[in-house]
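The structure appears below as structure tokens.
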Amino acid sequence: MYVQAKDTRMTRSLVLAAAQLGPIQKAEGRDVAVGRMIRLLEKAHQRGAQVVVFPELALTTFFPRWYEEDLANADHWYEAALPSNETAPLFEAARKYGIAFHLGYAEKTPEGRRFNTAVFVLPSGEIVLKYRKVHLPGHKEFDPIRHVQHLEKRYFEPGDLGFPVIRAPVAGQPVNLGMMICNDRRWPEAWRVMGLQQVELVMLGYNTPSLNMENRGFEAPHLRVFHSHLSIQSGCYQNSCFAIATAKAGTEDGHELFGHSIIVNPQGEIMAQATSWDDELIVAEADLGKCELGRKTIFDFARHRRPEHYGRIADQVGSVPPAEWKGGA
Ligand code: ING
């Protein structure tokens, strides 16, 4: 039987890493986080990683849990420029190690607009892609019922950049790159918009409480991680792409965030998973050609999708009650 020789010339191999961060306390400055992230970059270099994904809001504690009446009192949580004096050492380390990285941070624009933002940065320091979180969970005003506040709708505007995918050179080869942030992973629309742009690697960070803080209805705690992994694994499978999903984990000022960062392949399989709730690097080697199979068979969108029946997805915001059955057919 003739065994087809593997054409290694066509293989685009990329060594991926999630650089999970443990807790950042409210009183800790950016220098603490940046120092820890540089140590994770050193580990990534030792392990041959070419892409490193840091968490959502990686420079500060998850401050949307704290209510501020006057937004000016929250300004210190935001970056007015990137890099800044505090973050420049991170960019310098990435340049030194030749590593491209994803960084989540709170962005305040010169016009004063506030976004939950992520950027993808080449070793040169060039920012290749910027994304602003579209799906903001939680609420805008103080909610007395909640165990813990989740004020993302107070501190950020919904993202205005859509879900862009860009084809850019990473470690000397072209990769179709996309990003989302935390709650976005729970919305299949976010994955599909990027799948329709042939995304090959989705990078996302998250800060997710290990217990339901809404105090409305019961959610068994073990389901928190299950729902996170379910969302990411199905997103990858249904759009035939890889994902690096990186947690900020551990207990911040008494409030626990779960870890369980994962790297997932286009079959939806977990390739690597963090086992601590602290600073931890997980690494997996991706053959980007593995995105082809799904895109050319089960999820060949051009052959199988029927957008004429999908109108509600784009046109309708909330759900509406169904028609009542009146008997007959
Ligand atoms: N955190 C959480 C997330 O989507 C959340 C909020 C948790 C929403 C669990 C629904 C269920 O992972 C952020 N920062 O979006």
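Letters A, B, ... mark the chains of the structure tokens in the order given; residue numbers begin at 1 per chain; ligand numbers begin at 1, in order shown.
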
>> If DSSP is run on the backbone, what residues of segment 12-141 of chain A are strand (DSSP E or B)? A reply as a ChimeraX atom specification would be ideal.
In response: /A:13-21,51-53,79,100-108,114-121,127-132

> If we count only C-alpha atoms, what is near Met271 of chain A at a cut-off of 8 Å, once residues fewer than 4 positions away on the same chain are taken out, given as JSON, numbers by chain?
Replying inline: {"A": [262, 263, 264, 265, 284]}

Those residues you just picked out, can you put them in a file as a PDB file, in the first residue's frame with all heavy atoms?
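What follows is the written file part08.pdb:
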ATOM      1  N   ILE A 262      -6.828  26.910  28.635  1.00  0.00           N
ATOM      2  CA  ILE A 262      -6.701  25.785  27.707  1.00  0.00           C
ATOM      3  C   ILE A 262      -6.245  26.255  26.323  1.00  0.00           C
ATOM      4  O   ILE A 262      -6.438  27.416  25.957  1.00  0.00           O
ATOM      5  CB  ILE A 262      -8.041  25.022  27.529  1.00  0.00           C
ATOM      6  CG1 ILE A 262      -9.202  25.976  27.240  1.00  0.00           C
ATOM      7  CG2 ILE A 262      -8.326  24.129  28.707  1.00  0.00           C
ATOM      8  CD1 ILE A 262     -10.521  25.281  26.941  1.00  0.00           C
ATOM      9  N   ILE A 263      -5.654  25.313  25.615  1.00  0.00           N
ATOM     10  CA  ILE A 263      -5.354  25.482  24.191  1.00  0.00           C
ATOM     11  C   ILE A 263      -6.145  24.400  23.472  1.00  0.00           C
ATOM     12  O   ILE A 263      -6.075  23.219  23.874  1.00  0.00           O
ATOM     13  CB  ILE A 263      -3.840  25.345  23.910  1.00  0.00           C
ATOM     14  CG1 ILE A 263      -3.057  26.423  24.682  1.00  0.00           C
ATOM     15  CG2 ILE A 263      -3.563  25.460  22.401  1.00  0.00           C
ATOM     16  CD1 ILE A 263      -1.538  26.285  24.599  1.00  0.00           C
ATOM     17  N   VAL A 264      -6.917  24.792  22.475  1.00  0.00           N
ATOM     18  CA  VAL A 264      -7.869  23.878  21.831  1.00  0.00           C
ATOM     19  C   VAL A 264      -7.596  23.810  20.330  1.00  0.00           C
ATOM     20  O   VAL A 264      -7.229  24.814  19.710  1.00  0.00           O
ATOM     21  CB  VAL A 264      -9.318  24.361  22.068  1.00  0.00           C
ATOM     22  CG1 VAL A 264     -10.340  23.456  21.391  1.00  0.00           C
ATOM     23  CG2 VAL A 264      -9.604  24.423  23.581  1.00  0.00           C
ATOM     24  N   ASN A 265      -7.784  22.627  19.727  1.00  0.00           N
ATOM     25  CA  ASN A 265      -7.518  22.461  18.285  1.00  0.00           C
ATOM     26  C   ASN A 265      -8.821  22.485  17.489  1.00  0.00           C
ATOM     27  O   ASN A 265      -9.918  22.509  18.064  1.00  0.00           O
ATOM     28  CB  ASN A 265      -6.714  21.170  18.049  1.00  0.00           C
ATOM     29  CG  ASN A 265      -7.544  19.907  18.246  1.00  0.00           C
ATOM     30  OD1 ASN A 265      -8.773  19.943  18.300  1.00  0.00           O
ATOM     31  ND2 ASN A 265      -6.856  18.780  18.356  1.00  0.00           N
ATOM     32  N   ALA A 284       1.501  24.267  23.518  1.00  0.00           N
ATOM     33  CA  ALA A 284       1.112  23.193  22.597  1.00  0.00           C
ATOM     34  C   ALA A 284       1.559  23.574  21.190  1.00  0.00           C
ATOM     35  O   ALA A 284       1.505  24.755  20.824  1.00  0.00           O
ATOM     36  CB  ALA A 284      -0.400  22.979  22.624  1.00  0.00           C
TER      37      ALA A 284
END

Please identify every residue of chain A that has at least one atom no farther than 10 Å from an atom of ligand 1, counting only C-alpha atoms and all ligand atoms, and for each give the shortest atom pair and the distance in Å to one decimal, arranged by chain then increasing number, as CSV.
residue,atom,partner,partner_atom_place_in_ligand_line,distance
A:Glu56,CA,ligand 1,14 (N),7.7
A:Leu57,CA,ligand 1,14 (N),8.9
A:Phe62,CA,ligand 1,14 (N),8.0
A:Pro64,CA,ligand 1,14 (N),8.5
A:Arg65,CA,ligand 1,14 (N),9.8
A:Asn116,CA,ligand 1,14 (N),9.4
A:Lys133,CA,ligand 1,15 (O),9.1
A:His135,CA,ligand 1,15 (O),7.8
A:Leu136,CA,ligand 1,15 (O),6.5
A:Pro137,CA,ligand 1,15 (O),5.6
A:Gly138,CA,ligand 1,6 (C),7.0
A:His150,CA,ligand 1,6 (C),7.7
A:Leu151,CA,ligand 1,14 (N),9.6
A:Glu152,CA,ligand 1,14 (N),7.7
A:Ile181,CA,ligand 1,15 (O),7.3
A:Cys182,CA,ligand 1,15 (O),4.5
A:Asn183,CA,ligand 1,4 (O),3.2
A:Asp184,CA,ligand 1,4 (O),7.0
A:Arg185,CA,ligand 1,4 (O),7.4
A:Arg186,CA,ligand 1,4 (O),6.9
A:Trp187,CA,ligand 1,4 (O),9.7
A:Gly205,CA,ligand 1,14 (N),8.9
A:Tyr206,CA,ligand 1,14 (N),5.8
A:Asn207,CA,ligand 1,14 (N),4.8
A:Thr208,CA,ligand 1,1 (N),4.3
A:Pro209,CA,ligand 1,7 (C),6.2
A:Ser210,CA,ligand 1,7 (C),8.3
A:Leu211,CA,ligand 1,9 (C),8.1
A:Asn212,CA,ligand 1,9 (C),6.6
A:Met213,CA,ligand 1,7 (C),8.4
A:Glu214,CA,ligand 1,11 (C),9.1
A:Glu219,CA,ligand 1,11 (C),9.5
A:Leu223,CA,ligand 1,9 (C),9.5
A:Arg224,CA,ligand 1,9 (C),6.5
A:Val225,CA,ligand 1,9 (C),9.1
A:His227,CA,ligand 1,11 (C),8.1
A:Ser228,CA,ligand 1,12 (O),7.0
A:Ala247,CA,ligand 1,12 (O),9.5
A:Lys248,CA,ligand 1,14 (N),9.8
A:Leu257,CA,ligand 1,1 (N),9.1
A:Phe258,CA,ligand 1,12 (O),9.6

Emit the selected residues as a compact mmCIF listing (two decimals), in the first residue's frame, including N, CA and C atoms.
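Listing of out.txt after writing:
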# COMPACT_ATOMS: atom_id res chain seq x y z
N GLU A 56 -7.30 38.69 29.93
CA GLU A 56 -8.09 39.92 29.91
C GLU A 56 -7.63 40.79 31.09
N LEU A 57 -7.60 42.11 30.89
CA LEU A 57 -7.28 43.06 31.98
C LEU A 57 -6.09 42.55 32.78
N PHE A 62 -9.20 42.67 38.72
CA PHE A 62 -10.45 42.77 37.95
C PHE A 62 -11.30 43.84 38.63
N PRO A 64 -13.77 45.83 37.72
CA PRO A 64 -15.23 45.97 37.62
C PRO A 64 -16.00 45.37 38.80
N ARG A 65 -15.30 44.70 39.71
CA ARG A 65 -15.99 44.21 40.91
C ARG A 65 -16.13 45.34 41.95
N ASN A 116 -12.79 47.64 27.13
CA ASN A 116 -12.08 46.45 27.60
C ASN A 116 -11.41 45.89 26.36
N LYS A 133 -13.87 44.57 23.54
CA LYS A 133 -14.87 43.59 23.98
C LYS A 133 -16.28 44.04 23.63
N HIS A 135 -19.29 41.91 23.93
CA HIS A 135 -20.31 41.41 24.86
C HIS A 135 -19.88 41.74 26.29
N LEU A 136 -20.46 42.80 26.86
CA LEU A 136 -20.12 43.21 28.22
C LEU A 136 -21.15 42.62 29.17
N PRO A 137 -20.73 41.68 30.04
CA PRO A 137 -21.67 41.10 30.99
C PRO A 137 -21.89 42.06 32.16
N GLY A 138 -22.75 41.66 33.07
CA GLY A 138 -22.93 42.44 34.30
C GLY A 138 -23.87 43.60 34.12
N HIS A 150 -20.42 43.39 39.23
CA HIS A 150 -19.73 43.05 37.98
C HIS A 150 -20.03 44.19 37.00
N LEU A 151 -19.36 45.32 37.20
CA LEU A 151 -19.77 46.60 36.60
C LEU A 151 -19.12 46.88 35.25
N GLU A 152 -19.01 45.87 34.39
CA GLU A 152 -18.39 46.12 33.07
C GLU A 152 -19.21 47.09 32.24
N ILE A 181 -12.86 38.49 23.89
CA ILE A 181 -12.51 38.68 25.30
C ILE A 181 -13.61 38.07 26.18
N CYS A 182 -13.19 37.16 27.01
CA CYS A 182 -13.98 36.63 28.13
C CYS A 182 -15.42 36.25 27.79
N ASN A 183 -16.36 37.13 28.11
CA ASN A 183 -17.78 36.79 27.92
C ASN A 183 -18.09 36.52 26.45
N ASP A 184 -17.33 37.15 25.53
CA ASP A 184 -17.54 36.92 24.09
C ASP A 184 -17.58 35.42 23.77
N ARG A 185 -16.77 34.62 24.52
CA ARG A 185 -16.63 33.19 24.16
C ARG A 185 -17.96 32.45 24.28
N ARG A 186 -18.90 33.03 25.02
CA ARG A 186 -20.19 32.38 25.25
C ARG A 186 -21.19 32.63 24.13
N TRP A 187 -20.79 33.49 23.18
CA TRP A 187 -21.71 33.89 22.10
C TRP A 187 -21.24 33.30 20.78
N GLY A 205 -8.57 36.19 26.48
CA GLY A 205 -8.28 36.14 27.92
C GLY A 205 -9.59 36.23 28.68
N TYR A 206 -9.58 35.77 29.92
CA TYR A 206 -10.81 35.87 30.73
C TYR A 206 -10.50 36.04 32.21
N ASN A 207 -11.44 36.68 32.90
CA ASN A 207 -11.46 36.80 34.36
C ASN A 207 -12.84 36.30 34.77
N THR A 208 -12.95 35.04 35.22
CA THR A 208 -14.27 34.49 35.48
C THR A 208 -14.39 34.01 36.92
N PRO A 209 -15.35 34.58 37.66
CA PRO A 209 -15.52 34.15 39.05
C PRO A 209 -15.80 32.66 39.13
N SER A 210 -15.26 32.02 40.17
CA SER A 210 -15.43 30.56 40.27
C SER A 210 -16.82 30.20 40.80
N LEU A 211 -17.54 31.21 41.32
CA LEU A 211 -18.91 30.98 41.80
C LEU A 211 -19.83 32.04 41.19
N ASN A 212 -21.08 31.69 41.01
CA ASN A 212 -22.07 32.62 40.47
C ASN A 212 -22.30 33.74 41.49
N MET A 213 -21.99 34.97 41.09
CA MET A 213 -22.08 36.10 42.02
C MET A 213 -23.41 36.84 41.87
N GLU A 214 -24.26 36.39 40.93
CA GLU A 214 -25.47 37.18 40.65
C GLU A 214 -26.48 37.07 41.79
N GLU A 219 -26.64 27.90 40.34
CA GLU A 219 -25.79 27.31 39.30
C GLU A 219 -24.75 26.47 40.02
N LEU A 223 -20.19 23.67 37.17
CA LEU A 223 -20.59 24.02 35.80
C LEU A 223 -19.85 25.26 35.29
N ARG A 224 -19.26 26.01 36.19
CA ARG A 224 -18.57 27.25 35.75
C ARG A 224 -17.45 26.93 34.74
N VAL A 225 -16.60 25.98 35.11
CA VAL A 225 -15.50 25.63 34.21
C VAL A 225 -16.05 24.87 33.00
N HIS A 227 -18.87 25.22 31.47
CA HIS A 227 -19.44 26.15 30.47
C HIS A 227 -18.35 26.91 29.72
N SER A 228 -17.28 27.23 30.42
CA SER A 228 -16.18 27.94 29.76
C SER A 228 -15.54 27.04 28.70
N ALA A 247 -6.62 32.44 31.49
CA ALA A 247 -7.30 32.98 32.68
C ALA A 247 -6.39 33.91 33.46
N LYS A 248 -7.06 34.86 34.13
CA LYS A 248 -6.48 35.50 35.32
C LYS A 248 -7.18 34.72 36.43
N LEU A 257 -11.29 33.75 41.23
CA LEU A 257 -11.45 33.58 39.78
C LEU A 257 -10.88 32.21 39.43
N PHE A 258 -11.54 31.46 38.50
CA PHE A 258 -10.99 30.14 38.19
C PHE A 258 -9.95 30.22 37.08

> Which neighbours of Pro110 of chain A fall inside 12 Å, counting only C-alpha atoms, when residues of the same chain fewer than 6 positions from it are skipped, and could you give them as a PyMOL selection string?
Replying inline: chain A and resi 78-81

Restrict the calculation to only C-alpha atoms, then for each residue of segment 69-105 of chain A with any atom at most 12 Å from an atom of segment 12-25 of chain A give the closest atom pair and their distance in Å to one decimal, rows by chain and rising residue number, as a tab-separated table.
residue	atom	partner	partner_atom	distance
A:Ile99	CA	A:Leu16	CA	10.2
A:Ala100	CA	A:Leu16	CA	10.0
A:Phe101	CA	A:Ala17	CA	9.3
A:His102	CA	A:Ala18	CA	9.6
A:Leu103	CA	A:Ala19	CA	10.2
A:Gly104	CA	A:Leu21	CA	11.8

Take the residues that were just selected and, keeping N, CA, C and O atoms, output them as an mmCIF file, in the first residue's frame.
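Here's the written file selection_19.cif:
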data_model
loop_
_atom_site.group_PDB
_atom_site.id
_atom_site.type_symbol
_atom_site.label_atom_id
_atom_site.label_comp_id
_atom_site.auth_asym_id
_atom_site.auth_seq_id
_atom_site.Cartn_x
_atom_site.Cartn_y
_atom_site.Cartn_z
ATOM 1 N N ILE A 99 9.100 36.856 20.649
ATOM 2 C CA ILE A 99 7.786 36.252 20.891
ATOM 3 C C ILE A 99 6.689 37.270 20.580
ATOM 4 O O ILE A 99 6.751 38.425 21.008
ATOM 5 N N ALA A 100 5.669 36.830 19.839
ATOM 6 C CA ALA A 100 4.480 37.660 19.602
ATOM 7 C C ALA A 100 3.512 37.423 20.750
ATOM 8 O O ALA A 100 3.392 36.286 21.232
ATOM 9 N N PHE A 101 2.854 38.481 21.214
ATOM 10 C CA PHE A 101 1.973 38.276 22.372
ATOM 11 C C PHE A 101 0.659 39.037 22.258
ATOM 12 O O PHE A 101 0.566 40.035 21.546
ATOM 13 N N HIS A 102 -0.337 38.482 22.969
ATOM 14 C CA HIS A 102 -1.678 39.089 23.107
ATOM 15 C C HIS A 102 -1.769 39.649 24.522
ATOM 16 O O HIS A 102 -1.363 38.971 25.477
ATOM 17 N N LEU A 103 -2.251 40.871 24.659
ATOM 18 C CA LEU A 103 -2.367 41.494 25.986
ATOM 19 C C LEU A 103 -3.751 42.116 26.146
ATOM 20 O O LEU A 103 -4.194 42.882 25.280
ATOM 21 N N GLY A 104 -4.414 41.763 27.246
ATOM 22 C CA GLY A 104 -5.703 42.393 27.552
ATOM 23 C C GLY A 104 -5.501 43.513 28.555
ATOM 24 O O GLY A 104 -4.729 43.361 29.500
#

> Taking the backbone alone, and naming residues the way the document does, which bits of segment 124-295 of chain A are helix (DSSP H, G or I) by DSSP, as a PyMOL selection string?
Replying inline: chain A and resi 152-155+182-186+188-195+222-239+288-295
